[in-house]
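J.: Next comes the structure file structure-v8.cif, holding mmCIF, C-alpha atoms.
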data_structure
loop_
_atom_site.label_atom_id
_atom_site.label_comp_id
_atom_site.auth_asym_id
_atom_site.auth_seq_id
_atom_site.Cartn_x
_atom_site.Cartn_y
_atom_site.Cartn_z
CA MET A 944 0.00 0.00 0.00
CA GLN A 945 1.05 3.59 -0.48
CA PRO A 946 1.29 5.14 2.96
CA GLU A 947 0.52 8.78 3.56
CA GLN A 948 3.60 10.86 4.23
CA ALA A 949 2.61 11.60 7.81
CA GLN A 950 1.61 8.03 8.32
CA ILE A 951 3.84 5.49 10.01
CA SER A 952 5.12 3.01 7.41
CA ASP A 953 4.10 -0.65 7.29
CA VAL A 954 7.69 -1.65 8.06
CA GLU A 955 7.66 0.52 11.18
CA LEU A 956 4.32 -0.90 12.20
CA LEU A 957 5.67 -4.47 11.94
CA ALA A 958 8.71 -3.46 14.01
CA ALA A 959 6.35 -2.03 16.67
CA ILE A 960 4.25 -5.20 16.60
CA ALA A 961 7.40 -7.25 17.12
CA ARG A 962 7.83 -5.17 20.33
CA LYS A 963 4.25 -6.20 21.24
CA ASP A 964 2.65 -2.84 20.51
CA GLU A 965 -1.07 -3.57 20.41
CA THR A 966 -1.96 -0.23 18.78
CA ALA A 967 0.40 -1.02 15.90
CA LEU A 968 -1.38 -4.31 15.25
CA ALA A 969 -4.75 -2.54 15.29
CA GLU A 970 -3.42 -0.01 12.78
CA LEU A 971 -2.02 -2.70 10.48
CA TYR A 972 -5.34 -4.57 10.70
CA ASP A 973 -7.26 -1.45 9.75
CA ARG A 974 -5.00 -0.94 6.72
CA TYR A 975 -5.20 -4.47 5.34
CA ARG A 976 -8.40 -6.08 6.68
CA VAL A 977 -10.46 -5.33 3.59
CA ILE A 978 -7.96 -6.57 1.03
CA LEU A 979 -7.03 -9.70 3.00
CA PHE A 980 -10.66 -10.48 3.81
CA GLY A 981 -11.56 -10.11 0.12
CA LEU A 982 -8.75 -12.53 -0.76
CA LEU A 983 -9.87 -15.05 1.85
CA ILE A 984 -13.51 -14.88 0.75
CA ARG A 985 -12.38 -15.49 -2.82
CA ILE A 986 -10.44 -18.57 -1.70
CA LEU A 987 -12.90 -19.99 0.81
CA THR A 988 -16.23 -18.68 -0.57
CA SER A 989 -17.52 -18.39 2.99
CA ARG A 990 -17.61 -15.28 5.20
CA GLU A 991 -17.52 -17.38 8.35
CA GLU A 992 -14.42 -19.35 7.31
CA ALA A 993 -12.75 -16.22 5.93
CA GLU A 994 -13.28 -14.29 9.20
CA ASP A 995 -11.91 -17.21 11.16
CA VAL A 996 -8.78 -17.39 8.99
CA LEU A 997 -8.37 -13.58 9.02
CA GLN A 998 -8.25 -13.76 12.81
CA GLU A 999 -5.62 -16.53 12.63
CA VAL A 1000 -3.54 -14.46 10.20
CA PHE A 1001 -3.35 -11.41 12.46
CA LEU A 1002 -2.63 -13.55 15.50
CA GLN A 1003 0.24 -15.03 13.49
CA VAL A 1004 1.38 -11.51 12.59
CA TRP A 1005 1.35 -10.68 16.30
CA ARG A 1006 3.49 -13.70 17.12
CA ARG A 1007 5.81 -13.62 14.09
CA ALA A 1008 6.25 -9.94 13.24
CA GLY A 1009 9.87 -10.33 14.33
CA ASP A 1010 10.43 -12.77 11.43
CA PHE A 1011 9.62 -10.11 8.82
CA ASP A 1012 12.71 -9.16 6.86
CA GLU A 1013 12.46 -5.97 4.83
CA LYS A 1014 15.27 -7.17 2.53
CA ARG A 1015 13.18 -10.14 1.38
CA GLY A 1016 10.11 -8.17 0.35
CA ARG A 1017 7.48 -5.63 1.23
CA PRO A 1018 5.05 -5.95 4.15
CA PHE A 1019 2.18 -6.19 1.63
CA THR A 1020 3.76 -9.30 0.06
CA TRP A 1021 4.47 -10.83 3.46
CA LEU A 1022 0.88 -10.31 4.66
CA VAL A 1023 -0.74 -11.53 1.45
CA THR A 1024 1.52 -14.58 1.30
CA LEU A 1025 0.68 -15.37 4.92
CA ALA A 1026 -3.08 -14.91 4.40
CA ARG A 1027 -3.17 -16.89 1.16
CA SER A 1028 -1.14 -19.70 2.66
CA ARG A 1029 -3.51 -19.93 5.65
CA GLY A 1030 -6.55 -19.70 3.36
CA ILE A 1031 -5.31 -22.49 1.07
CA ASP A 1032 -4.44 -24.65 4.11
CA ARG A 1033 -7.99 -24.17 5.40
CA LEU A 1034 -9.43 -24.90 1.97
CA ARG A 1035 -7.47 -28.14 1.74
CA SER A 1036 -8.43 -29.19 5.25
CA LEU A 1037 -12.13 -28.87 4.52
CA ALA A 1038 -13.65 -32.18 3.51
CA ALA A 1039 -14.96 -32.46 -0.04
CA LYS A 1040 -18.53 -32.44 1.26
CA GLU A 1041 -17.94 -29.29 3.24
CA ARG A 1042 -16.43 -27.64 0.19
CA VAL A 1043 -19.57 -28.44 -1.76
CA ALA A 1044 -21.69 -27.08 1.06
CA LEU A 1045 -19.59 -23.95 1.19
CA ALA A 1046 -19.85 -23.52 -2.56
CA GLY A 1047 -23.60 -23.88 -2.20
CA ALA A 1048 -23.63 -21.13 0.40
CA ARG A 1049 -21.38 -18.94 -1.76
CA GLU A 1050 -21.98 -15.33 -0.96
CA PRO A 1051 -21.28 -12.58 -3.42
CA SER A 1052 -18.38 -10.43 -2.34
CA GLU A 1053 -19.59 -7.24 -0.82
CA GLU A 1054 -18.40 -4.18 -2.58
CA VAL A 1055 -16.98 -1.83 -0.01
CA SER A 1056 -17.67 1.84 0.19
CA ASP A 1057 -15.88 4.29 -2.10
CA ALA A 1058 -13.96 5.67 0.83
CA VAL A 1059 -12.58 2.26 1.70
CA SER A 1060 -11.86 1.49 -1.94
CA ASP A 1061 -9.84 4.67 -2.18
CA ALA A 1062 -7.90 3.68 0.90
CA LEU A 1063 -7.12 0.37 -0.78
CA ALA A 1064 -5.49 2.02 -3.75
CA SER A 1065 -8.12 1.03 -6.25
CA GLU A 1066 -5.83 2.31 -8.97
CA GLN A 1067 -3.37 -0.47 -8.21
CA ARG A 1068 -6.18 -3.00 -8.20
CA ALA A 1069 -7.33 -1.79 -11.60
CA LEU A 1070 -3.79 -2.16 -12.94
CA VAL A 1071 -3.42 -5.77 -11.79
CA THR A 1072 -6.94 -6.71 -12.91
CA LYS A 1073 -6.25 -5.22 -16.34
CA ALA A 1074 -2.85 -6.93 -16.61
CA LEU A 1075 -4.38 -10.30 -15.66
CA ALA A 1076 -7.32 -9.82 -18.02
CA GLN A 1077 -4.92 -9.17 -20.91
CA LEU A 1078 -3.30 -12.58 -20.52
CA PRO A 1079 -4.48 -15.21 -22.99
CA GLU A 1080 -7.12 -17.48 -21.44
CA GLU A 1081 -4.78 -20.51 -21.49
CA GLN A 1082 -2.24 -18.59 -19.37
CA GLN A 1083 -4.79 -16.90 -17.13
CA SER A 1084 -6.64 -20.08 -16.05
CA PRO A 1085 -3.63 -21.90 -14.55
CA LEU A 1086 -2.71 -18.77 -12.58
CA ILE A 1087 -6.22 -18.34 -11.17
CA LEU A 1088 -6.60 -22.05 -10.35
CA ALA A 1089 -3.25 -22.08 -8.57
CA TYR A 1090 -3.66 -18.79 -6.73
CA PHE A 1091 -7.28 -18.91 -5.56
CA ASP A 1092 -8.08 -22.63 -5.63
CA GLY A 1093 -4.70 -23.83 -4.34
CA LEU A 1094 -4.33 -26.45 -7.09
CA THR A 1095 -0.95 -27.90 -7.99
CA GLN A 1096 0.28 -28.11 -11.58
CA SER A 1097 -0.78 -31.78 -11.85
CA GLU A 1098 -4.23 -30.98 -10.50
CA ILE A 1099 -4.58 -28.08 -12.92
CA ALA A 1100 -3.47 -30.30 -15.84
CA ALA A 1101 -6.12 -32.86 -14.86
CA LYS A 1102 -8.80 -30.18 -14.43
CA LEU A 1103 -8.06 -28.48 -17.74
CA GLY A 1104 -7.37 -31.73 -19.59
CA ALA A 1105 -4.00 -30.39 -20.73
CA PRO A 1106 -0.56 -32.08 -20.64
CA LEU A 1107 1.42 -31.31 -17.48
CA GLY A 1108 4.34 -29.83 -19.47
CA THR A 1109 1.96 -27.46 -21.26
CA VAL A 1110 0.48 -26.28 -17.98
CA LYS A 1111 3.95 -25.64 -16.56
CA THR A 1112 4.93 -23.60 -19.62
CA ARG A 1113 1.69 -21.60 -19.65
CA MET A 1114 1.82 -20.88 -15.94
CA ARG A 1115 5.38 -19.60 -16.14
CA ALA A 1116 4.67 -17.54 -19.27
CA GLY A 1117 1.54 -16.04 -17.67
CA LEU A 1118 3.31 -15.00 -14.49
CA MET A 1119 6.22 -13.56 -16.53
CA LYS A 1120 3.84 -11.44 -18.59
CA LEU A 1121 2.11 -10.28 -15.44
CA ARG A 1122 5.42 -9.25 -13.91
CA GLU A 1123 6.37 -7.42 -17.06
CA ALA A 1124 3.04 -5.57 -17.21
CA LEU A 1125 3.29 -4.54 -13.57
CA SER A 1126 6.91 -3.44 -13.83
CA ASN A 1127 5.97 -1.16 -16.73
CA GLN A 1128 3.58 0.54 -14.32
CA SER A 1129 6.08 0.59 -11.47
CA ALA A 1130 5.97 4.36 -11.19
CA SER A 1131 2.41 4.24 -9.93
CA PHE A 1132 2.60 0.76 -8.42
CA GLY A 1133 3.12 1.34 -4.75
CA PHE A 1134 3.42 -2.07 -3.10
CA MET B 1329 18.75 -31.14 -11.95
CA SER B 1330 20.68 -28.02 -12.96
CA HIS B 1331 20.52 -24.53 -11.48
CA GLU B 1332 18.58 -23.37 -14.56
CA ASP B 1333 16.02 -26.17 -14.08
CA TYR B 1334 15.41 -24.96 -10.53
CA LYS B 1335 15.10 -21.36 -11.69
CA GLU B 1336 12.34 -22.36 -14.08
CA MET B 1337 10.39 -23.88 -11.20
CA ILE B 1338 10.48 -20.71 -9.08
CA PRO B 1339 7.41 -18.91 -10.54
CA ALA B 1340 5.23 -21.98 -9.89
CA HIS B 1341 6.72 -22.22 -6.38
CA ALA B 1342 5.69 -18.60 -5.77
CA LEU B 1343 2.13 -19.70 -6.57
CA SER B 1344 2.53 -22.82 -4.31
CA ALA B 1345 1.60 -24.83 -7.39
CA LEU B 1346 4.54 -27.23 -7.54
CA ASP B 1347 3.81 -30.90 -7.06
CA TRP B 1348 5.21 -32.44 -3.93
CA THR B 1349 8.39 -33.95 -5.41
CA ASP B 1350 9.33 -30.77 -7.33
CA ASP B 1351 8.51 -28.64 -4.29
CA ARG B 1352 10.76 -30.72 -2.06
CA ALA B 1353 13.63 -30.68 -4.55
CA LEU B 1354 13.40 -26.91 -5.04
CA ASN B 1355 13.26 -26.25 -1.30
CA GLU B 1356 16.49 -28.21 -0.87
CA HIS B 1357 18.10 -26.11 -3.63
CA LEU B 1358 16.76 -22.84 -2.19
CA ALA B 1359 18.38 -23.64 1.14
CA GLN B 1360 21.77 -23.48 -0.64
CA CYS B 1361 21.26 -20.92 -3.43
CA VAL B 1362 21.16 -17.21 -2.56
CA GLU B 1363 20.44 -16.20 -6.16
CA CYS B 1364 17.34 -18.41 -6.38
CA ARG B 1365 16.11 -17.20 -2.99
CA GLN B 1366 16.37 -13.63 -4.25
CA GLU B 1367 14.53 -14.56 -7.42
CA LEU B 1368 11.78 -16.27 -5.39
CA ASN B 1369 11.28 -13.04 -3.40
CA GLU B 1370 10.73 -11.17 -6.67
CA TRP B 1371 8.25 -13.72 -8.01
CA GLN B 1372 6.39 -13.64 -4.70
CA GLN B 1373 5.89 -9.88 -5.14
CA THR B 1374 4.26 -10.55 -8.52
CA ALA B 1375 2.15 -13.42 -7.20
CA ALA B 1376 0.96 -11.33 -4.24
CA ALA B 1377 -0.36 -8.69 -6.64
CA VAL B 1378 -2.92 -11.25 -7.88
CA ALA B 1379 -4.62 -10.89 -4.48
CA LEU B 1380 -5.73 -7.42 -5.55
CA THR B 1381 -8.00 -8.90 -8.21
CA ALA B 1382 -10.25 -10.33 -5.47
CA SER B 1383 -13.13 -8.00 -4.67
CA PRO B 1384 -12.44 -6.15 -1.41
CA ALA B 1385 -14.79 -7.01 1.42
CA GLU B 1386 -15.40 -5.70 4.92
CA PRO B 1387 -15.16 -8.24 7.76
CA SER B 1388 -17.40 -8.05 10.81
CA PRO B 1389 -16.14 -5.58 13.47
CA LEU B 1390 -16.18 -8.55 15.86
CA VAL B 1391 -13.07 -9.98 14.16
CA ARG B 1392 -11.01 -6.95 15.22
CA GLU B 1393 -12.35 -7.23 18.75
CA ARG B 1394 -11.57 -10.94 18.92
CA ILE B 1395 -8.00 -10.43 17.68
CA LEU B 1396 -7.27 -7.62 20.15
CA SER B 1397 -8.91 -9.52 22.99
CA GLN B 1398 -6.81 -12.60 22.27
CA ILE B 1399 -3.48 -10.77 22.03
CA ARG B 1400 -4.27 -9.01 25.35
CA SER B 1401 -4.90 -12.32 27.04
CA GLU B 1402 -1.71 -13.77 25.50
CA ARG B 1403 0.27 -10.74 26.68
CA ASP B 1404 -1.23 -11.00 30.18
CA GLU B 1405 -0.34 -14.69 30.31
CA SER B 1406 3.23 -13.96 29.27
CA ILE B 1407 3.57 -11.17 31.82
CA THR B 1408 2.05 -12.96 34.83
CA PRO B 1409 4.85 -15.48 35.43
CA LYS B 1410 7.43 -12.67 35.47
CA ILE B 1411 5.62 -10.89 38.31
CA VAL B 1412 4.86 -13.81 40.51
CA PRO B 1413 8.41 -14.62 41.68
CA PHE B 1414 8.95 -11.07 42.98
CA LYS B 1415 5.96 -11.20 45.28
CA PRO B 1416 6.85 -12.30 48.78
CA SER B 1417 4.99 -15.40 49.73
CA GLN B 1418 2.17 -14.66 52.16
CA LYS B 1419 1.54 -18.30 52.83
CA ASN B 1420 2.80 -20.18 55.84
CA ILE B 1421 3.56 -23.88 55.79
CA TRP B 1422 0.05 -24.81 56.96
CA SER B 1423 -1.65 -22.84 54.20
CA SER B 1424 0.69 -24.56 51.72
CA PHE B 1425 -0.45 -27.87 53.13
CA GLY B 1426 -4.02 -26.63 52.74
CA SER B 1427 -3.47 -25.74 49.08
CA LEU B 1428 -1.70 -29.00 48.42
CA GLY B 1429 -4.53 -30.81 50.19
CA ALA B 1430 -7.11 -29.09 48.00
CA VAL B 1431 -5.18 -30.02 44.86
CA ALA B 1432 -4.76 -33.59 46.10
CA ALA B 1433 -8.46 -33.79 46.97
CA ALA B 1434 -9.39 -32.51 43.52
CA VAL B 1435 -7.06 -35.03 41.86
CA LEU B 1436 -8.43 -37.82 44.06
CA PHE B 1437 -11.99 -36.76 43.28
CA VAL B 1438 -11.34 -36.82 39.53
CA PHE B 1439 -9.60 -40.18 39.87
CA LEU B 1440 -12.50 -41.64 41.89
CA LEU B 1441 -15.02 -40.22 39.47
CA GLY B 1442 -13.18 -41.88 36.59
CA TYR B 1443 -12.88 -45.12 38.54
CA VAL B 1444 -16.61 -45.14 39.37
CA PHE B 1445 -17.40 -44.52 35.72
CA LEU B 1446 -15.16 -47.42 34.68
CA LEU B 1447 -16.81 -49.70 37.25
CA TRP B 1448 -20.27 -48.64 36.13
CA ARG B 1449 -19.38 -49.31 32.50
CA GLU B 1450 -17.83 -52.67 33.34
CA ASN B 1451 -20.88 -53.63 35.41
CA ARG B 1452 -23.21 -52.73 32.57
CA ALA B 1453 -21.14 -54.78 30.11
CA ILE B 1454 -21.15 -57.78 32.47
CA LYS B 1455 -24.94 -57.55 32.90
CA GLN B 1456 -25.42 -57.44 29.16
CA GLU B 1457 -23.12 -60.41 28.73
CA LEU B 1458 -24.96 -62.30 31.45
CA GLN B 1459 -28.30 -61.64 29.80
CA THR B 1460 -26.95 -62.85 26.46
CA MET B 1461 -25.61 -65.99 28.13
CA ARG B 1462 -28.96 -66.62 29.86
CA GLU B 1463 -30.77 -66.34 26.57
CA ALA B 1464 -28.25 -68.62 24.88
CA ASN B 1465 -28.57 -71.11 27.73
CA GLN B 1466 -32.36 -71.07 27.48
CA GLN B 1467 -32.11 -71.62 23.75
CA ILE B 1468 -29.80 -74.61 24.27
CA GLN B 1469 -32.16 -76.12 26.84
CA ASP B 1470 -35.17 -75.66 24.55
CA ASP B 1471 -33.27 -77.18 21.64
CA LEU B 1472 -32.27 -80.11 23.82
CA LYS B 1473 -35.87 -80.71 24.90
CA TRP B 1474 -37.00 -80.45 21.32
CA ALA B 1475 -34.34 -82.97 20.22
CA LEU B 1476 -35.27 -85.34 23.08
CA ILE B 1477 -38.91 -85.42 21.98
CA LEU B 1478 -38.11 -85.93 18.34
CA GLN B 1479 -35.64 -88.76 18.98
CA LYS B 1480 -38.21 -90.81 20.88
CA ARG B 1481 -39.81 -93.66 18.97
CA GLY B 1482 -43.27 -92.82 17.68
CA SER B 1483 -42.89 -89.08 18.14
CA LYS B 1484 -44.68 -86.84 15.67
CA LEU B 1485 -43.94 -83.47 14.14
CA MET B 1486 -46.73 -81.19 12.95
CA GLU B 1487 -46.55 -77.88 11.17
CA LEU B 1488 -48.95 -75.04 11.87
CA ASN B 1489 -49.44 -72.31 9.27
CA GLY B 1490 -50.43 -68.69 9.76
CA THR B 1491 -53.98 -67.76 8.79
CA THR B 1492 -55.10 -64.48 7.20
CA ALA B 1493 -55.03 -63.03 10.74
CA ALA B 1494 -51.27 -63.73 10.91
CA PRO B 1495 -49.99 -64.49 7.41
CA GLY B 1496 -46.33 -64.29 8.44
CA ALA B 1497 -46.68 -66.70 11.36
CA SER B 1498 -45.74 -70.38 11.52
CA ALA B 1499 -45.16 -73.02 14.19
CA LYS B 1500 -43.89 -76.54 14.69
CA LEU B 1501 -45.36 -78.90 17.23
CA ALA B 1502 -43.65 -82.11 18.31
CA TYR B 1503 -45.07 -84.64 20.72
CA ASP B 1504 -44.14 -88.11 21.90
CA GLN B 1505 -46.32 -91.10 22.59
CA SER B 1506 -46.98 -89.97 26.17
CA GLY B 1507 -48.45 -86.71 24.87
CA HIS B 1508 -45.58 -84.54 26.02
CA ALA B 1509 -45.57 -81.75 23.43
CA MET B 1510 -43.42 -78.79 22.54
CA VAL B 1511 -44.44 -75.94 20.26
CA MET B 1512 -42.12 -73.41 18.60
CA MET B 1513 -43.84 -70.36 17.15
CA SER B 1514 -42.53 -67.48 15.10
CA GLY B 1515 -43.88 -64.42 13.29
CA LEU B 1516 -46.91 -63.96 15.54
CA PRO B 1517 -48.10 -60.35 15.99
CA THR B 1518 -47.50 -58.82 19.42
CA PRO B 1519 -50.72 -59.41 21.40
CA PRO B 1520 -52.57 -56.30 22.63
CA ALA B 1521 -52.57 -55.53 26.37
CA GLY B 1522 -54.59 -58.03 28.40
CA LYS B 1523 -54.45 -60.72 25.69
CA GLU B 1524 -52.29 -63.77 25.08
CA TYR B 1525 -52.16 -66.70 22.71
CA GLN B 1526 -53.70 -70.08 23.53
CA LEU B 1527 -53.16 -73.54 22.01
CA TRP B 1528 -56.15 -75.70 21.10
CA PHE B 1529 -56.44 -79.43 20.39
CA ILE B 1530 -59.15 -80.20 17.87
CA VAL B 1531 -60.51 -83.74 17.85
CA ALA B 1532 -63.32 -84.91 15.58
CA ASP B 1533 -66.78 -84.82 17.06
CA LYS B 1534 -65.62 -82.95 20.14
CA PRO B 1535 -65.49 -79.28 21.07
CA PRO B 1536 -61.93 -77.86 20.92
CA LEU B 1537 -59.89 -78.86 23.97
CA ARG B 1538 -58.00 -76.08 25.63
CA GLY B 1539 -54.22 -76.03 25.84
CA LYS B 1540 -51.88 -73.66 27.67
CA THR B 1541 -51.54 -69.97 27.00
CA PHE B 1542 -48.21 -68.48 26.00
CA SER B 1543 -46.53 -65.20 25.22
CA THR B 1544 -44.13 -64.19 22.44
CA ASP B 1545 -41.05 -61.98 22.33
CA SER B 1546 -40.67 -58.77 20.32
CA HIS B 1547 -39.95 -60.85 17.17
CA GLY B 1548 -43.17 -62.84 17.55
CA LYS B 1549 -41.23 -65.93 18.70
CA GLY B 1550 -42.38 -68.21 21.49
CA MET B 1551 -41.82 -71.71 22.85
CA MET B 1552 -43.99 -73.74 25.20
CA GLU B 1553 -44.48 -77.23 26.55
CA ASP B 1554 -47.90 -78.82 27.01
CA GLN B 1555 -49.55 -82.16 27.61
CA LEU B 1556 -51.84 -83.50 24.90
CA PRO B 1557 -55.15 -84.93 26.18
CA ASP B 1558 -55.36 -88.69 25.63
CA VAL B 1559 -58.12 -88.27 23.06
CA ALA B 1560 -55.85 -86.06 20.98
CA LEU B 1561 -52.97 -88.52 20.83
CA LYS B 1562 -54.11 -90.55 17.86
CA SER B 1563 -55.59 -87.97 15.62
CA ALA B 1564 -55.85 -84.28 16.31
CA ALA B 1565 -55.43 -80.94 14.67
CA PHE B 1566 -53.93 -77.93 16.42
CA ALA B 1567 -54.79 -74.27 16.43
CA VAL B 1568 -53.75 -71.04 18.14
CA THR B 1569 -56.13 -68.17 18.97
CA LEU B 1570 -55.85 -64.87 20.80
CA GLU B 1571 -57.63 -64.97 24.16
CA PRO B 1572 -58.03 -62.82 27.28
CA GLN B 1573 -55.21 -63.13 29.82
CA GLY B 1574 -55.42 -66.54 31.52
CA GLY B 1575 -57.06 -68.24 28.54
CA SER B 1576 -60.63 -69.19 27.57
CA ALA B 1577 -62.71 -72.33 27.86
CA SER B 1578 -63.63 -72.14 24.18
CA PRO B 1579 -61.68 -70.49 21.33
CA THR B 1580 -62.34 -66.95 20.19
CA MET B 1581 -62.17 -66.55 16.43
CA PRO B 1582 -60.22 -65.92 14.35
CA MET B 1583 -57.52 -68.57 14.47
CA TYR B 1584 -53.94 -67.27 14.09
CA LEU B 1585 -52.26 -70.65 13.46
CA ARG B 1586 -53.65 -74.02 12.47
CA SER B 1587 -52.27 -77.40 11.38
#
Please express the file's structure as C-alpha cells.
T.:
Amino acid sequence: MQPEQAQISDVELLAAIARKDETALAELYDRYRVILFGLLIRILTSREEAEDVLQEVFLQVWRRAGDFDEKRGRPFTWLVTLARSRGIDRLRSLAAKERVALAGAREPSEEVSDAVSDALASEQRALVTKALAQLPEEQQSPLILAYFDGLTQSEIAAKLGAPLGTVKTRMRAGLMKLREALSNQSASFGF
Amino acid sequence: MSHEDYKEMIPAHALSALDWTDDRALNEHLAQCVECRQELNEWQQTAAAVALTASPAEPSPLVRERILSQIRSERDESITPKIVPFKPSQKNIWSSFGSLGAVAAAVLFVFLLGYVFLLWRENRAIKQELQTMREANQQIQDDLKWALILQKRGSKLMELNGTTAAPGASAKLAYDQSGHAMVMMSGLPTPPAGKEYQLWFIVADKPPLRGKTFSTDSHGKGMMEDQLPDVALKSAAFAVTLEPQGGSASPTMPMYLRS
C-alpha cells in the first residue's frame, strides 16, 4: 500500500508489533483487513471461514512480526503470502462435502464503500486486474486455479485436460507477462 | 537437476503450485542458493499482486475485537509469570499444606469419578453379557428338549401355518407317545394388552380342547411345553387363537395358526 507521508510506514508498524505494541497491530489490521478479507472470501467462498482465517492471520502476525525481513520483500507481500497460505491450508483441510456445502452457500463479495476502496489504492487493483485480463485465457486459467483454488500443476493439468508440461509452460509464461506488465507501471505501483 | 532447471520452477513455487516432489527438490536447492532465494522473493511480489484482483470485502467488526482480545490475554499470560516470583509469599507452611490438600483432593476426586465410571461401564457390560448368556442357555435347553422329543420312537412333528389373521406366522409342534408336546412359534403379531395366545387341540366330534396360553417376544417368537389330552394322541389338529389373559374355555375366532 502507499502510505501517507505523515503516516507510520508498514515496516515501522511491523517493528512495533514485534515489540508487542497492540496499537500497531490494530493499525495494520485497519489498513489491510479489507484486502485480506476479500482474498480469503475469494479462496474460501464463505464469510464465516474467511473471518476465522483472518483472525488466525493477524494472530500469526502478532506472534511472528519479528520474522519479517524488509530485505526479502514488502510488508504487503508478506501479509498476502501469509493470508493466502492460511486460506489455502484451510481450503485443503475442509472435507470435499464441506467444500460443496460452502460452494452452495457462496456469498457474493460485498463491494466496499468508495472511501474504503480509495484507501485500498483502487488504482493499483485496476492495474493488476487489467494486466491479468490481458493474458491469454490458457495462461490466465492456470494462474487463477493455482492462486485462488490452491491447485498444484498436476491438479490443474487434470482439471483443464491439458498435458502437465503445457500447464507448466503456460503458468510460467503467464506470471512472466504479469510481472512485465506490472513493472511497466512501477511508477504508480506502490506495493 | 541443474541450477537453470530450478530457476524455471520458481514462478510456480511462488504460486505454491509445484507438485510435492518438485517442491521438495526446489526447497532443498533454495536452502543453498542465494540467487534463487532472491529470485523467489521477486516472483512472490508478482504473485501477491494477484490478491488485488479479489473484490475487497469488509469483515465483521467482531473480528477486530476478537484479535485484540486474544493478544491481550496472550500478553497477560506472558507477563504474569514474570511478576509472581517477585511477590513475597504470604503463605505459611500450613496454608501450603491446605493448598496442596485441596489439589490432592481434587485429583483424588477426579480419579475416583473416573474409577466409578469405569466400574459402572464394566458392570453394565457384564450384565449385558450375562443376559446374552442366559438367553443362549435357554435356547440350548429348549433345543435339547426339542431334540429329546423328536428322537423318541413314535414321536410326531406337525406344522402349523399362519392364517389371514397372521400371514407371516408359523409353528412346529412335536409330541411323543406320552403326549408330552413342545411348540415353537414365530412371526406372531404382538398381542394387545390383556391378551395372550392359547393352544387348542381339535378332535373330531368334540369341542376344541384347551391347551396352555403363551406369550411371544418382540420378534413374535415363542416356545412352550404342554400335555396333549389322551383323546388327541391318535388324531388331532392344532390351532392357536388370541384370548383374554389366563385363557378361555372355548376359542375366540379368528384362528392365528392351524395345522
J.: Calculate how many Å separate CA of Leu1107 (chain A) from CA of Ala1089 (chain A), rounding to one decimal.
T.: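 Taking CA of Leu1107 (chain A) as the start and CA of Ala1089 (chain A) as the end point, the length is 13.7 Å.
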J.: When distances are computed from all atoms listed in the file, which of B:Thr1460, B:Arg1365, B:Gln1360, B:Ala1376 shows the smallest separation from chain A?
T.: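 That would be B:Ala1376, the residue with the smallest distance to chain A.
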J.: Suppose a student applies the PyMOL selection byres ((chain A) within 7 of (chain B)) to this structure; what residues should they get, written as a compact mmCIF listing (two decimals) with C-alpha atoms, in the frame of the given file?
T.:
# COMPACT_ATOMS: atom_id res chain seq x y z
CA VAL A 977 -10.46 -5.33 3.59
CA ILE A 978 -7.96 -6.57 1.03
CA PHE A 980 -10.66 -10.48 3.81
CA GLY A 981 -11.56 -10.11 0.12
CA LEU A 982 -8.75 -12.53 -0.76
CA ARG A 985 -12.38 -15.49 -2.82
CA GLU A 994 -13.28 -14.29 9.20
CA GLN A 998 -8.25 -13.76 12.81
CA LEU A 1002 -2.63 -13.55 15.50
CA ARG A 1015 13.18 -10.14 1.38
CA GLY A 1016 10.11 -8.17 0.35
CA THR A 1020 3.76 -9.30 0.06
CA VAL A 1023 -0.74 -11.53 1.45
CA THR A 1024 1.52 -14.58 1.30
CA SER A 1052 -18.38 -10.43 -2.34
CA GLU A 1053 -19.59 -7.24 -0.82
CA GLU A 1054 -18.40 -4.18 -2.58
CA VAL A 1055 -16.98 -1.83 -0.01
CA ARG A 1068 -6.18 -3.00 -8.20
CA VAL A 1071 -3.42 -5.77 -11.79
CA THR A 1072 -6.94 -6.71 -12.91
CA ALA A 1089 -3.25 -22.08 -8.57
CA TYR A 1090 -3.66 -18.79 -6.73
CA LEU A 1094 -4.33 -26.45 -7.09
CA THR A 1095 -0.95 -27.90 -7.99
CA GLN A 1096 0.28 -28.11 -11.58
CA SER A 1097 -0.78 -31.78 -11.85
CA ARG A 1115 5.38 -19.60 -16.14
CA LEU A 1118 3.31 -15.00 -14.49
CA ARG A 1122 5.42 -9.25 -13.91
J.: Please, which residues are within 12 Å of (-41.6, -89.6, 18.2) by the file's coordinates, counting only C-alpha atoms, and could they come as number ranges by chain?
T.: B: 1474-1486, 1501-1510, 1561
J.: Record the distance separating CA of Leu979 (chain A) and CA of Val1000 (chain A), expressed in Å with one decimal.
T.: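 Separation of CA of Leu979 (chain A) and CA of Val1000 (chain A): 9.3 Å.
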J.: Which value, in Å to one decimal, gives the distance between CA of Ser1065 (chain A) and CA of Glu1013 (chain A)?
T.: 24.4 Å
J.: Would you write out, as a ChimeraX atom specification, every residue that the PyMOL selection byres ((chain A and resi 1113) around 10) captures in this file?
T.: /A:1079-1086,1107-1112,1114-1119
J.: Using all atoms listed in the file, pick whichever of B:Val1511, B:Leu1516, B:Ala1499, B:Ile1454 has the shortest atom-to-atom distance to Lys1540 (chain B).
T.: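 For Lys1540 (chain B), the nearest of the candidates is B:Val1511.
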J.: So which one's closest to Ala993 (chain A), A:Ala1008, A:Val954, A:Glu965, A:Leu1034? Using only C-alpha atoms, please.
T.: A:Leu1034
J.: Smallest atom-to-atom distance to Asp1333 (chain B): which of B:Ala1353, B:Leu1447, B:Ala1433, B:Leu1527, using all atoms listed in the file?
T.: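 Closest to Asp1333 (chain B), using all atoms listed in the file: B:Ala1353.
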J.: Specify as a list in words each residue included when the PyMOL selection byres ((chain B and resi 1541) around 7) is applied to this file.
T.: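 Given this file, the PyMOL selection byres ((chain B and resi 1541) around 7) evaluates to Glu1524, Tyr1525, Gln1526, Leu1527, Gly1539, Lys1540, Phe1542, Gly1574 and Gly1575 of chain B.
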J.: Please return as a list in words every residue within 9 Å of (2.3, -1.6, 10.9), taking into account only C-alpha atoms and the file's own coordinates.
T.: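 Those residues lying close to the given coordinates are Ile951, Ser952, Asp953, Val954, Glu955, Leu956, Leu957, Ala958, Ala959, Ile960, Ala967, Leu968, Ala969, Glu970, Leu971, Tyr972, Arg974 and Pro1018 of chain A.
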J.: Do you know which residues are at most 10 Å from Ser1546 (chain B) counting only C-alpha atoms, after dropping those on the same chain fewer than 5 positions away, and could you put them as a ChimeraX atom specification?
T.: /B:1515-1518
